[in-house]
Each structure stands twice: as structure tokens, then as C-alpha cells.
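Shown next: run.cif, containing mmCIF, C-alpha atoms.
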```cif
data_input
loop_
_atom_site.label_atom_id
_atom_site.label_comp_id
_atom_site.auth_asym_id
_atom_site.auth_seq_id
_atom_site.Cartn_x
_atom_site.Cartn_y
_atom_site.Cartn_z
CA MET A 1 -22.95 29.42 25.25
CA ALA A 2 -20.57 27.08 27.07
CA LYS A 3 -17.35 27.36 29.02
CA ILE A 4 -14.64 25.31 27.34
CA ALA A 5 -11.23 24.65 28.92
CA VAL A 6 -8.56 23.44 26.48
CA LEU A 7 -5.67 21.48 27.99
CA GLY A 8 -2.69 21.88 25.66
CA ALA A 9 -1.80 24.83 23.44
CA GLY A 10 -0.63 22.89 20.39
CA ILE A 11 -1.67 23.96 16.91
CA MET A 12 -4.78 21.78 16.57
CA ALA A 13 -6.13 22.49 20.04
CA THR A 14 -5.56 26.19 19.44
CA ALA A 15 -7.08 26.12 15.94
CA LEU A 16 -10.25 24.69 17.44
CA THR A 17 -10.60 27.78 19.61
CA PHE A 18 -11.38 29.79 16.45
CA PRO A 19 -14.85 28.42 15.60
CA SER A 20 -15.79 27.86 19.24
CA ALA A 21 -14.81 31.40 20.29
CA GLU A 22 -16.51 32.92 17.25
CA ASN A 23 -19.72 31.22 18.40
CA GLY A 24 -19.58 33.18 21.65
CA ASN A 25 -18.31 30.45 23.94
CA GLU A 26 -15.95 31.23 26.82
CA ILE A 27 -12.62 29.63 25.94
CA HIS A 28 -9.71 29.10 28.32
CA LEU A 29 -6.53 27.91 26.57
CA ILE A 30 -4.20 26.18 29.04
CA GLY A 31 -0.63 25.50 28.04
CA THR A 32 1.04 22.37 29.38
CA HIS A 33 4.31 22.63 31.30
CA LEU A 34 6.00 22.47 27.86
CA ASP A 35 3.96 25.32 26.38
CA ASP A 36 5.19 28.32 28.38
CA GLU A 37 6.76 30.01 25.33
CA ILE A 38 3.48 29.67 23.44
CA ILE A 39 1.51 31.19 26.30
CA ASP A 40 4.14 33.93 26.65
CA SER A 41 3.63 34.86 23.00
CA ILE A 42 -0.16 34.81 23.22
CA LYS A 43 -0.13 36.97 26.34
CA LYS A 44 2.28 39.40 24.67
CA ASP A 45 0.46 40.12 21.40
CA GLY A 46 -2.10 37.35 20.85
CA THR A 47 0.05 35.40 18.37
CA HIS A 48 0.44 31.64 18.46
CA PRO A 49 4.11 31.30 17.43
CA VAL A 50 3.74 27.96 15.63
CA LEU A 51 0.48 28.71 13.84
CA GLY A 52 1.81 32.18 13.04
CA LEU A 53 -1.65 33.66 13.60
CA LYS A 54 -3.35 35.82 16.18
CA ILE A 55 -5.90 33.80 18.10
CA PRO A 56 -9.38 35.21 18.82
CA GLU A 57 -9.18 38.04 21.34
CA SER A 58 -11.83 36.43 23.53
CA VAL A 59 -9.67 33.32 24.14
CA LYS A 60 -7.97 33.61 27.54
CA PRO A 61 -4.49 32.04 27.79
CA TYR A 62 -3.34 30.34 30.99
CA TYR A 63 -0.06 28.82 32.14
CA PHE A 64 -0.25 25.25 33.40
CA THR A 65 0.25 26.47 36.96
CA GLU A 66 -3.10 28.24 36.56
CA ALA A 67 -4.93 25.17 35.24
CA ALA A 68 -7.18 24.64 38.25
CA ASP A 69 -8.56 28.17 37.98
CA ALA A 70 -8.96 27.88 34.21
CA VAL A 71 -10.95 24.62 34.45
CA GLU A 72 -13.17 25.70 37.35
CA GLY A 73 -16.81 25.61 36.27
CA ALA A 74 -16.07 24.44 32.72
CA ASP A 75 -18.76 22.54 30.85
CA ILE A 76 -16.21 20.92 28.54
CA ILE A 77 -12.54 20.04 28.92
CA MET A 78 -10.75 19.42 25.64
CA SER A 79 -7.77 17.09 25.90
CA GLY A 80 -5.39 18.52 23.30
CA VAL A 81 -2.14 16.88 24.42
CA ASN A 82 -0.42 14.73 21.76
CA SER A 83 -0.28 10.93 21.97
CA PHE A 84 3.10 10.93 23.72
CA GLY A 85 1.58 12.78 26.67
CA VAL A 86 -1.77 11.00 26.91
CA GLU A 87 -1.00 9.27 30.23
CA TRP A 88 0.12 12.58 31.70
CA ALA A 89 -3.08 14.20 30.40
CA GLY A 90 -5.16 11.51 32.08
CA GLU A 91 -3.44 12.19 35.38
CA GLN A 92 -4.19 15.91 35.04
CA LEU A 93 -7.83 15.25 34.16
CA ALA A 94 -8.12 13.05 37.26
CA ARG A 95 -7.09 16.08 39.29
CA LEU A 96 -8.91 18.81 37.38
CA ALA A 97 -12.16 17.33 36.06
CA ARG A 98 -15.45 17.16 37.94
CA PRO A 99 -18.47 14.85 37.59
CA GLY A 100 -20.88 15.91 34.86
CA GLN A 101 -18.28 17.59 32.65
CA THR A 102 -17.62 16.46 29.08
CA ILE A 103 -14.13 15.34 28.07
CA LEU A 104 -13.52 16.11 24.39
CA SER A 105 -10.45 14.30 23.05
CA ILE A 106 -8.53 15.27 19.93
CA THR A 107 -5.53 13.00 20.52
CA LYS A 108 -5.11 10.15 18.01
CA GLY A 109 -3.38 6.83 18.53
CA MET A 110 -3.68 3.46 20.24
CA HIS A 111 -2.22 1.71 23.26
CA ALA A 112 -1.37 -1.99 23.46
CA GLU A 113 -1.36 -4.36 26.42
CA GLU A 114 1.41 -6.94 26.88
CA ASP A 115 -0.63 -9.56 25.02
CA GLY A 116 -1.23 -7.25 22.06
CA THR A 117 -4.78 -6.22 22.99
CA LEU A 118 -5.31 -2.75 21.52
CA HIS A 119 -7.18 0.19 23.06
CA ILE A 120 -8.08 3.65 21.79
CA LEU A 121 -6.42 6.55 23.62
CA PRO A 122 -9.54 7.76 25.45
CA ASP A 123 -9.37 4.39 27.23
CA VAL A 124 -5.92 5.40 28.49
CA LEU A 125 -7.35 8.69 29.75
CA LYS A 126 -10.15 6.77 31.46
CA GLU A 127 -7.72 4.40 33.16
CA LYS A 128 -5.69 7.28 34.57
CA MET A 129 -8.82 9.08 35.74
CA GLY A 130 -10.03 6.14 37.81
CA PRO A 131 -13.65 6.19 39.11
CA LEU A 132 -14.14 9.75 37.83
CA ALA A 133 -14.07 8.40 34.26
CA ASP A 134 -17.55 6.95 34.74
CA GLN A 135 -18.89 10.28 36.01
CA VAL A 136 -18.04 12.39 32.95
CA ASN A 137 -19.19 12.30 29.31
CA TRP A 138 -16.81 11.22 26.55
CA ALA A 139 -16.51 12.64 23.04
CA ALA A 140 -13.88 13.13 20.34
CA ILE A 141 -13.31 15.01 17.09
CA VAL A 142 -12.20 13.11 13.98
CA GLY A 143 -11.89 13.92 10.31
CA PRO A 144 -9.67 15.70 7.78
CA SER A 145 -8.63 18.85 9.58
CA ILE A 146 -5.30 20.60 9.06
CA ALA A 147 -4.92 23.08 11.91
CA GLY A 148 -3.73 26.04 9.87
CA GLU A 149 -6.47 25.65 7.28
CA LEU A 150 -9.10 25.60 10.02
CA ALA A 151 -7.63 28.67 11.70
CA VAL A 152 -7.76 30.71 8.47
CA HIS A 153 -11.36 29.61 7.85
CA HIS A 154 -10.81 27.25 4.95
CA LEU A 155 -13.76 24.88 4.65
CA THR A 156 -13.38 21.90 6.96
CA CYS A 157 -15.71 18.92 7.54
CA VAL A 158 -15.40 16.75 10.67
CA THR A 159 -17.28 14.27 12.82
CA PHE A 160 -17.95 14.73 16.52
CA CYS A 161 -18.30 11.24 17.97
CA ALA A 162 -19.55 10.51 21.46
CA GLU A 163 -20.67 7.58 23.55
CA LYS A 164 -24.10 9.24 23.84
CA GLN A 165 -25.93 10.97 20.98
CA GLU A 166 -27.14 13.76 23.26
CA VAL A 167 -23.54 14.66 24.07
CA ALA A 168 -22.62 14.90 20.38
CA ASP A 169 -25.76 16.95 19.77
CA MET A 170 -24.77 19.32 22.58
CA LEU A 171 -21.23 19.81 21.31
CA ALA A 172 -21.81 20.18 17.56
CA PRO A 173 -23.59 23.59 17.56
CA LEU A 174 -20.91 25.04 19.85
CA TYR A 175 -18.41 24.60 17.00
CA ARG A 176 -20.45 24.71 13.78
CA THR A 177 -19.80 27.71 11.52
CA ASP A 178 -20.14 28.47 7.83
CA TYR A 179 -16.62 27.06 7.33
CA TYR A 180 -16.50 24.35 10.03
CA HIS A 181 -19.12 21.70 9.25
CA VAL A 182 -19.88 19.08 11.88
CA TRP A 183 -21.54 15.67 11.60
CA THR A 184 -22.19 13.43 14.62
CA SER A 185 -21.74 9.75 15.36
CA THR A 186 -22.11 7.41 18.33
CA ASP A 187 -19.51 4.97 16.99
CA PHE A 188 -16.85 6.22 19.36
CA ILE A 189 -14.57 3.22 18.94
CA GLY A 190 -14.80 2.99 15.15
CA ASN A 191 -14.04 6.64 14.60
CA GLU A 192 -11.15 6.67 17.08
CA VAL A 193 -9.58 3.56 15.55
CA GLY A 194 -9.86 5.07 12.08
CA SER A 195 -8.19 8.25 13.29
CA CYS A 196 -5.22 6.29 14.58
CA MET A 197 -4.84 4.06 11.54
CA LYS A 198 -4.89 6.93 9.06
CA ASN A 199 -1.73 8.30 10.74
CA ILE A 200 -0.04 4.95 10.16
CA PHE A 201 -0.72 5.01 6.45
CA ALA A 202 0.31 8.67 6.11
CA PHE A 203 3.89 7.44 6.52
CA GLY A 204 3.50 5.54 3.25
CA GLY A 205 2.29 8.71 1.55
CA GLY A 206 5.92 9.78 1.25
CA PHE A 207 7.23 6.62 -0.39
CA ALA A 208 6.48 7.47 -4.03
CA PRO A 209 7.93 11.02 -3.87
CA GLY A 210 11.01 9.59 -2.15
CA ILE A 211 11.52 6.93 -4.80
CA LEU A 212 11.26 9.57 -7.53
CA LYS A 213 13.83 11.75 -5.75
CA LYS A 214 16.18 8.81 -5.42
CA LEU A 215 15.88 8.18 -9.17
CA GLY A 216 16.23 11.88 -10.02
CA LYS A 217 12.77 11.83 -11.59
CA GLU A 218 10.81 14.15 -9.30
CA ASP A 219 10.32 16.61 -12.18
CA ASP A 220 9.42 14.00 -14.79
CA LYS A 221 6.14 14.16 -16.70
CA TYR A 222 5.12 10.74 -15.42
CA VAL A 223 5.24 10.30 -11.67
CA MET A 224 3.94 7.50 -9.38
CA TYR A 225 0.28 8.16 -8.71
CA ASN A 226 -0.49 4.51 -9.53
CA TYR A 227 1.84 3.38 -6.74
CA ALA A 228 0.41 5.90 -4.25
CA ALA A 229 -3.18 5.00 -5.12
CA ALA A 230 -2.61 1.28 -4.63
CA LEU A 231 -0.93 1.96 -1.29
CA PHE A 232 -3.84 4.15 -0.25
CA GLY A 233 -6.31 1.45 -1.26
CA GLU A 234 -4.59 -1.23 0.83
CA GLY A 235 -4.38 1.23 3.71
CA ALA A 236 -8.12 1.80 3.51
CA ARG A 237 -8.73 -1.95 3.51
CA GLU A 238 -6.57 -2.52 6.60
CA LEU A 239 -8.11 0.49 8.33
CA LYS A 240 -11.53 -1.14 7.88
CA GLN A 241 -10.22 -4.47 9.18
CA MET A 242 -8.87 -2.82 12.33
CA VAL A 243 -12.15 -1.03 13.02
CA GLU A 244 -13.96 -4.38 12.76
CA LEU A 245 -11.38 -6.09 14.99
CA LEU A 246 -11.88 -3.57 17.79
CA GLY A 247 -15.66 -3.67 17.57
CA GLY A 248 -16.46 -0.54 15.57
CA ASP A 249 -18.83 -0.12 12.65
CA PRO A 250 -16.78 -0.66 9.45
CA THR A 251 -18.94 1.81 7.54
CA VAL A 252 -17.37 4.71 9.47
CA THR A 253 -14.19 4.09 7.48
CA GLU A 254 -15.98 5.30 4.35
CA ASN A 255 -16.54 8.72 5.92
CA LEU A 256 -14.65 11.65 7.37
CA GLY A 257 -13.01 9.74 10.22
CA GLY A 258 -11.69 7.06 7.88
CA VAL A 259 -10.61 7.56 4.27
CA GLY A 260 -11.38 11.29 4.44
CA ASP A 261 -8.88 11.79 7.23
CA MET A 262 -6.40 9.40 5.63
CA PHE A 263 -6.47 11.37 2.37
CA VAL A 264 -5.58 14.69 3.95
CA THR A 265 -2.90 13.14 6.16
CA THR A 266 -1.14 11.57 3.16
CA MET A 267 -0.99 14.97 1.46
CA GLY A 268 1.86 16.19 3.62
CA GLY A 269 3.26 16.70 7.09
CA ARG A 270 5.97 15.21 9.27
CA ASN A 271 5.03 11.55 8.81
CA VAL A 272 4.95 11.94 5.04
CA ARG A 273 8.36 13.65 5.16
CA ALA A 274 9.74 10.69 7.12
CA GLY A 275 8.26 8.35 4.52
CA THR A 276 9.92 10.35 1.76
CA TYR A 277 13.31 9.68 3.32
CA VAL A 278 12.45 5.97 3.40
CA GLY A 279 11.60 6.14 -0.30
CA GLN A 280 15.03 7.65 -0.91
CA GLY A 281 16.63 4.64 0.77
CA VAL A 282 17.50 6.16 4.15
CA PRO A 283 17.33 3.63 7.04
CA PHE A 284 14.68 4.64 9.53
CA SER A 285 17.12 4.73 12.45
CA GLU A 286 18.99 7.48 10.60
CA ILE A 287 15.74 9.35 9.97
CA ARG A 288 14.83 9.15 13.66
CA ASN A 289 18.27 9.96 15.06
CA VAL A 290 19.65 12.38 12.46
CA LYS A 291 17.37 13.58 9.66
CA MET A 292 14.33 14.27 11.88
CA LYS A 293 15.83 14.14 15.36
CA GLY A 294 13.48 15.64 17.93
CA VAL A 295 10.51 15.78 15.53
CA THR A 296 7.25 14.33 16.86
CA LEU A 297 6.07 11.54 14.55
CA GLU A 298 2.72 10.30 15.86
CA GLY A 299 2.09 8.10 12.84
CA VAL A 300 5.42 6.36 13.27
CA ALA A 301 4.70 5.91 16.98
CA ALA A 302 1.37 4.29 16.06
CA ILE A 303 3.16 1.95 13.66
CA GLY A 304 5.38 0.86 16.54
CA VAL A 305 2.45 0.17 18.85
CA VAL A 306 0.11 -1.49 16.36
CA GLY A 307 2.84 -3.33 14.44
CA ALA A 308 4.23 -4.96 17.58
CA ALA A 309 0.71 -5.85 18.72
CA LEU A 310 -0.06 -7.62 15.43
CA GLY A 311 2.67 -10.17 16.07
CA LYS A 312 1.24 -11.00 19.49
CA LEU A 313 -2.32 -11.12 18.20
CA THR A 314 -1.18 -13.53 15.48
CA GLU A 315 0.52 -15.79 18.03
CA ARG A 316 -2.71 -15.88 20.04
CA GLY A 317 -4.76 -16.76 16.96
CA VAL A 318 -6.80 -13.57 17.13
CA ILE A 319 -5.76 -12.66 13.58
CA LYS A 320 -4.18 -14.55 10.68
CA ASP A 321 -0.59 -14.08 9.60
CA THR A 322 -1.90 -12.89 6.24
CA ASP A 323 -3.84 -10.02 7.83
CA TYR A 324 -2.47 -6.45 7.78
CA PRO A 325 0.43 -7.01 5.36
CA LEU A 326 0.99 -3.26 4.92
CA VAL A 327 1.10 -2.45 8.62
CA ARG A 328 3.47 -5.36 9.15
CA ALA A 329 5.76 -4.09 6.38
CA LEU A 330 5.74 -0.57 7.80
CA TYR A 331 6.61 -1.98 11.22
CA GLU A 332 9.64 -3.80 9.79
CA ILE A 333 10.83 -0.51 8.27
CA VAL A 334 10.38 1.46 11.50
CA ALA A 335 11.43 -1.14 14.07
CA HIS A 336 14.09 -3.11 12.19
CA ASP A 337 15.45 -0.73 9.52
CA ALA A 338 14.09 -2.94 6.74
CA PRO A 339 14.48 -1.42 3.27
CA LEU A 340 11.39 -0.35 1.35
CA ASP A 341 10.25 -3.54 -0.37
CA LEU A 342 6.48 -3.78 -0.03
CA PRO A 343 4.78 -7.20 -0.37
CA TRP A 344 2.41 -6.14 -3.13
CA GLU A 345 1.38 -9.73 -3.87
CA LYS A 346 -0.08 -9.98 -0.32
CA PHE A 347 -2.21 -6.85 -0.60
CA PHE A 348 -5.97 -6.86 -1.19
CA GLY A 349 -6.37 -10.38 0.18
CA GLY A 350 -3.56 -11.86 -1.89
CA GLU A 351 -2.82 -11.64 -5.61
CA HIS A 352 -4.55 -14.42 -7.50
#
```
Represent the structure contained in this file as C-alpha cells.
Amino acid sequence: MAKIAVLGAGIMATALTFPSAENGNEIHLIGTHLDDEIIDSIKKDGTHPVLGLKIPESVKPYYFTEAADAVEGADIIMSGVNSFGVEWAGEQLARLARPGQTILSITKGMHAEEDGTLHILPDVLKEKMGPLADQVNWAAIVGPSIAGELAVHHLTCVTFCAEKQEVADMLAPLYRTDYYHVWTSTDFIGNEVGSCMKNIFAFGGGFAPGILKKLGKEDDKYVMYNYAAALFGEGARELKQMVELLGGDPTVTENLGGVGDMFVTTMGGRNVRAGTYVGQGVPFSEIRNVKMKGVTLEGVAAIGVVGAALGKLTERGVIKDTDYPLVRALYEIVAHDAPLDLPWEKFFGGEH
């Protein structure tokens, strides 16, 4: 049994308390300063208001003001804050964490330096933690995992990746159940890069349904699976390229943290909904400011970061201008309101 402190009471962080609590671990769920209403609800009757489910009775909810007490003596601190708050989370970990603890990240995305050099988000946490970052263990969870499905015990398969195999081996049995299956990997970078890139391509998962709606053909017998499959295939190719570029093992893209995660993310969700509007011909600025105002779009945010970085990396000669044609096209849609007009002839290494 372990003591696990979870920083952030969002739906995925909370869903992960189900298997870990059911395995007899001591779980402390800490809301951020933005999660007070969630913690209020859990304290009142045990219900997470967004998941719409009662969390395990053994999970103890804490307000952010109580974070120091909740983290005291923890073996593991899960960083469950979304990508927009990762720098803030790193600052909190610098204050709360202690040497010898394990930091388990579930936040997906990438950060870019001024020259376009890309980093996985745990690197951002490390930077904010300073010297303490070298005194803790680092791990992350990747793979196709929809929070609600996990919470209601639908079968889910994931990978726990860590910088050290013994850390992954320690974590996995704390979470494994008959419905939550865990594999392990020491390719920390490869799995984290794959987890970011799959969010980027989820945006494109809405294009075909949007086009059909625009044409009034969403109920037709023949839809656009061919289009969606080709888009998925190019996404998988560029995902693999990015893993290689950042020094990961490209074979991880064939597994849960790569195409497995990309498949489930393209099946639905906020980024797919945004992509559906694009397919209908709505400029992205209108989607961001009107249609989906205030909605967190982590995949779109990743497109902004990675897409801008690709231009700088091309200028420096790190990559060719023919590399990542899909990410570049998505960036033009998101950053410059370009209409949906994908460069199909450039996909898969160029049509010839």
C-alpha cells in the first residue's frame, strides 16, 4: 500500500483514484485554487460534479489551502493539472515535494523555446522545481484512457513510463485491476511526445463529420471513412517522426502511447468538436471566440506550440520544409484562420 497525493481534481486525475483506491492505497485528492466547487461537492455527498459519479469513499478530498497537509508523507504525487497550468504545478511541486518521492505526471503537451527547441511537459515541471527535480523519481501515464470509462470500470489499457524501470515496476501494481491493465516502459520521452502529438491529430478527427454536415450528408449511406483513415495514417507517420526528432524510440508509437491513444482521442471530445466546426467552414477565430469560448482545447494549444516551433526548426535546418505537412496545415488553420484545404499530395512523403 502507498500514500498517493493527487494535485488537481479534474476528471482524469479523479478517475485514476478509482483503481488506486480500490487497491487499498491511501489517496488524497487535492483541488487546485480553481477546483473549490468540485471539492465542495465531494465533501457534501462524494459526487464529482463533472464526472457525475461518486468517487471511492476512501478517497479524502482537500482544498488547495490544505495541500501541504495532504502531501505530507506521500510516496507519490500525481500532477493532474492540465497543460495550461503546468508551470503553476511545477511551482507548487517545488514547494510541496520532498526528496525521494515519485512525481507521476498525467499532463500532455509540449513546450517550445524561442528557437523552436521542443520539450515534454515534465521538463517544464523539472525546470520550475529547480534542484529538487534531481532528487525525485519521474513517471507518467500514457495510453487510450477516457476518464469516464475508467471510472465506471470499462476495460482500459495504458502504459506507465518512467525514467527508471524500478519506478515503473513500483507504480504499476498500485493501479492494476481486472479492468485497468498496465504495461511499463522506460522510454519516457517517446511516450510523452506521442501523448502530445495524438492530441494534435484529434483536431483533424472532426474534419470529415464537419464536411458532411456542411454538405447536408451526415445521414447519407456513404460517409467519409476513407478521408478520416488517410488523415489518421499521416498523423501516425508524423507522430513517429516527432518521437524520433526528440530522441525517443519510434516503436513506442505503434503501442498504447502512440496510435492507441490517437485512435481514442479522434473518437470524440472537445478537440474533435472544434475540428467539426472547421469542417463546416467556420474560421477558427470564430470557434475560439464564439462557438467554443472558454472551452479548454489542449490539442489546439499543442498545435500552436508545435506548429510555430516547426517554422523555426526549419529555418535552423533541423528539419526539412517538407516534414510535418499535416501539423503545418493544422497550424495555419488555428493560427491564421486558413480554410480547410489539406495538402494531400505532400502526405506520406509526397505523392509520386
Residues selected by the PyMOL selection byres ((chain A and resi 339-352) around 10), written as a count of residues only: 31
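When all atoms listed in the file are used to compute distances to A:Met267, the closest of the residues A:Val243, A:Val71, A:Ile146, A:Met170 turns out to be A:Ile146.
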Residues matched by the PyMOL selection byres ((chain A and resi 17-21) around 10), written as a PyMOL selection string: chain A and resi 1-6+12-16+22-29+55-59+150-153+171-180
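Of the listed residues (A:Lys214, A:Arg270, A:Arg98, A:Lys54), A:Arg98 comes nearest to A:Glu72; the distances count all atoms listed in the file.
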Interatomic distance (Å, one decimal) between atom CA of A:Gly85 and atom CA of A:Pro250: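 Here the two named atoms are 28.5 Å from each other.
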Any chance you could turn stretch 256-267 of chain A into a file with N, CA, C and O atoms, as a compact mmCIF listing (two decimals), in the first residue's frame?
```txt
# COMPACT_ATOMS: atom_id res chain seq x y z
N LEU A 256 0.32 1.65 -27.10
CA LEU A 256 -0.76 2.38 -26.42
C LEU A 256 -0.54 3.89 -26.38
O LEU A 256 -1.47 4.66 -26.56
N GLY A 257 0.72 4.30 -26.14
CA GLY A 257 1.00 5.73 -26.04
C GLY A 257 1.05 6.44 -27.37
O GLY A 257 1.16 7.67 -27.41
N GLY A 258 0.98 5.73 -28.46
CA GLY A 258 1.02 6.33 -29.79
C GLY A 258 -0.31 6.22 -30.50
O GLY A 258 -1.25 6.95 -30.20
N VAL A 259 -0.40 5.27 -31.47
CA VAL A 259 -1.62 5.17 -32.27
C VAL A 259 -2.82 4.72 -31.43
O VAL A 259 -3.97 5.07 -31.74
N GLY A 260 -2.56 3.98 -30.34
CA GLY A 260 -3.68 3.59 -29.48
C GLY A 260 -4.36 4.79 -28.88
O GLY A 260 -5.59 4.94 -28.92
N ASP A 261 -3.56 5.69 -28.33
CA ASP A 261 -4.09 6.91 -27.73
C ASP A 261 -4.69 7.83 -28.79
O ASP A 261 -5.72 8.48 -28.57
N MET A 262 -4.06 7.88 -29.96
CA MET A 262 -4.56 8.75 -31.02
C MET A 262 -5.93 8.28 -31.51
O MET A 262 -6.82 9.09 -31.80
N PHE A 263 -6.12 6.97 -31.57
CA PHE A 263 -7.42 6.43 -32.01
C PHE A 263 -8.54 6.89 -31.09
O PHE A 263 -9.55 7.43 -31.54
N VAL A 264 -8.36 6.70 -29.78
CA VAL A 264 -9.45 7.03 -28.87
C VAL A 264 -9.70 8.54 -28.84
O VAL A 264 -10.85 8.98 -28.69
N THR A 265 -8.65 9.32 -29.00
CA THR A 265 -8.81 10.78 -28.95
C THR A 265 -9.54 11.31 -30.17
O THR A 265 -10.23 12.33 -30.09
N THR A 266 -9.40 10.63 -31.31
CA THR A 266 -10.11 11.07 -32.52
C THR A 266 -11.57 10.61 -32.54
O THR A 266 -12.32 10.99 -33.44
N MET A 267 -11.96 9.83 -31.54
CA MET A 267 -13.34 9.34 -31.49
C MET A 267 -14.34 10.37 -30.96
O MET A 267 -15.54 10.22 -31.10
```
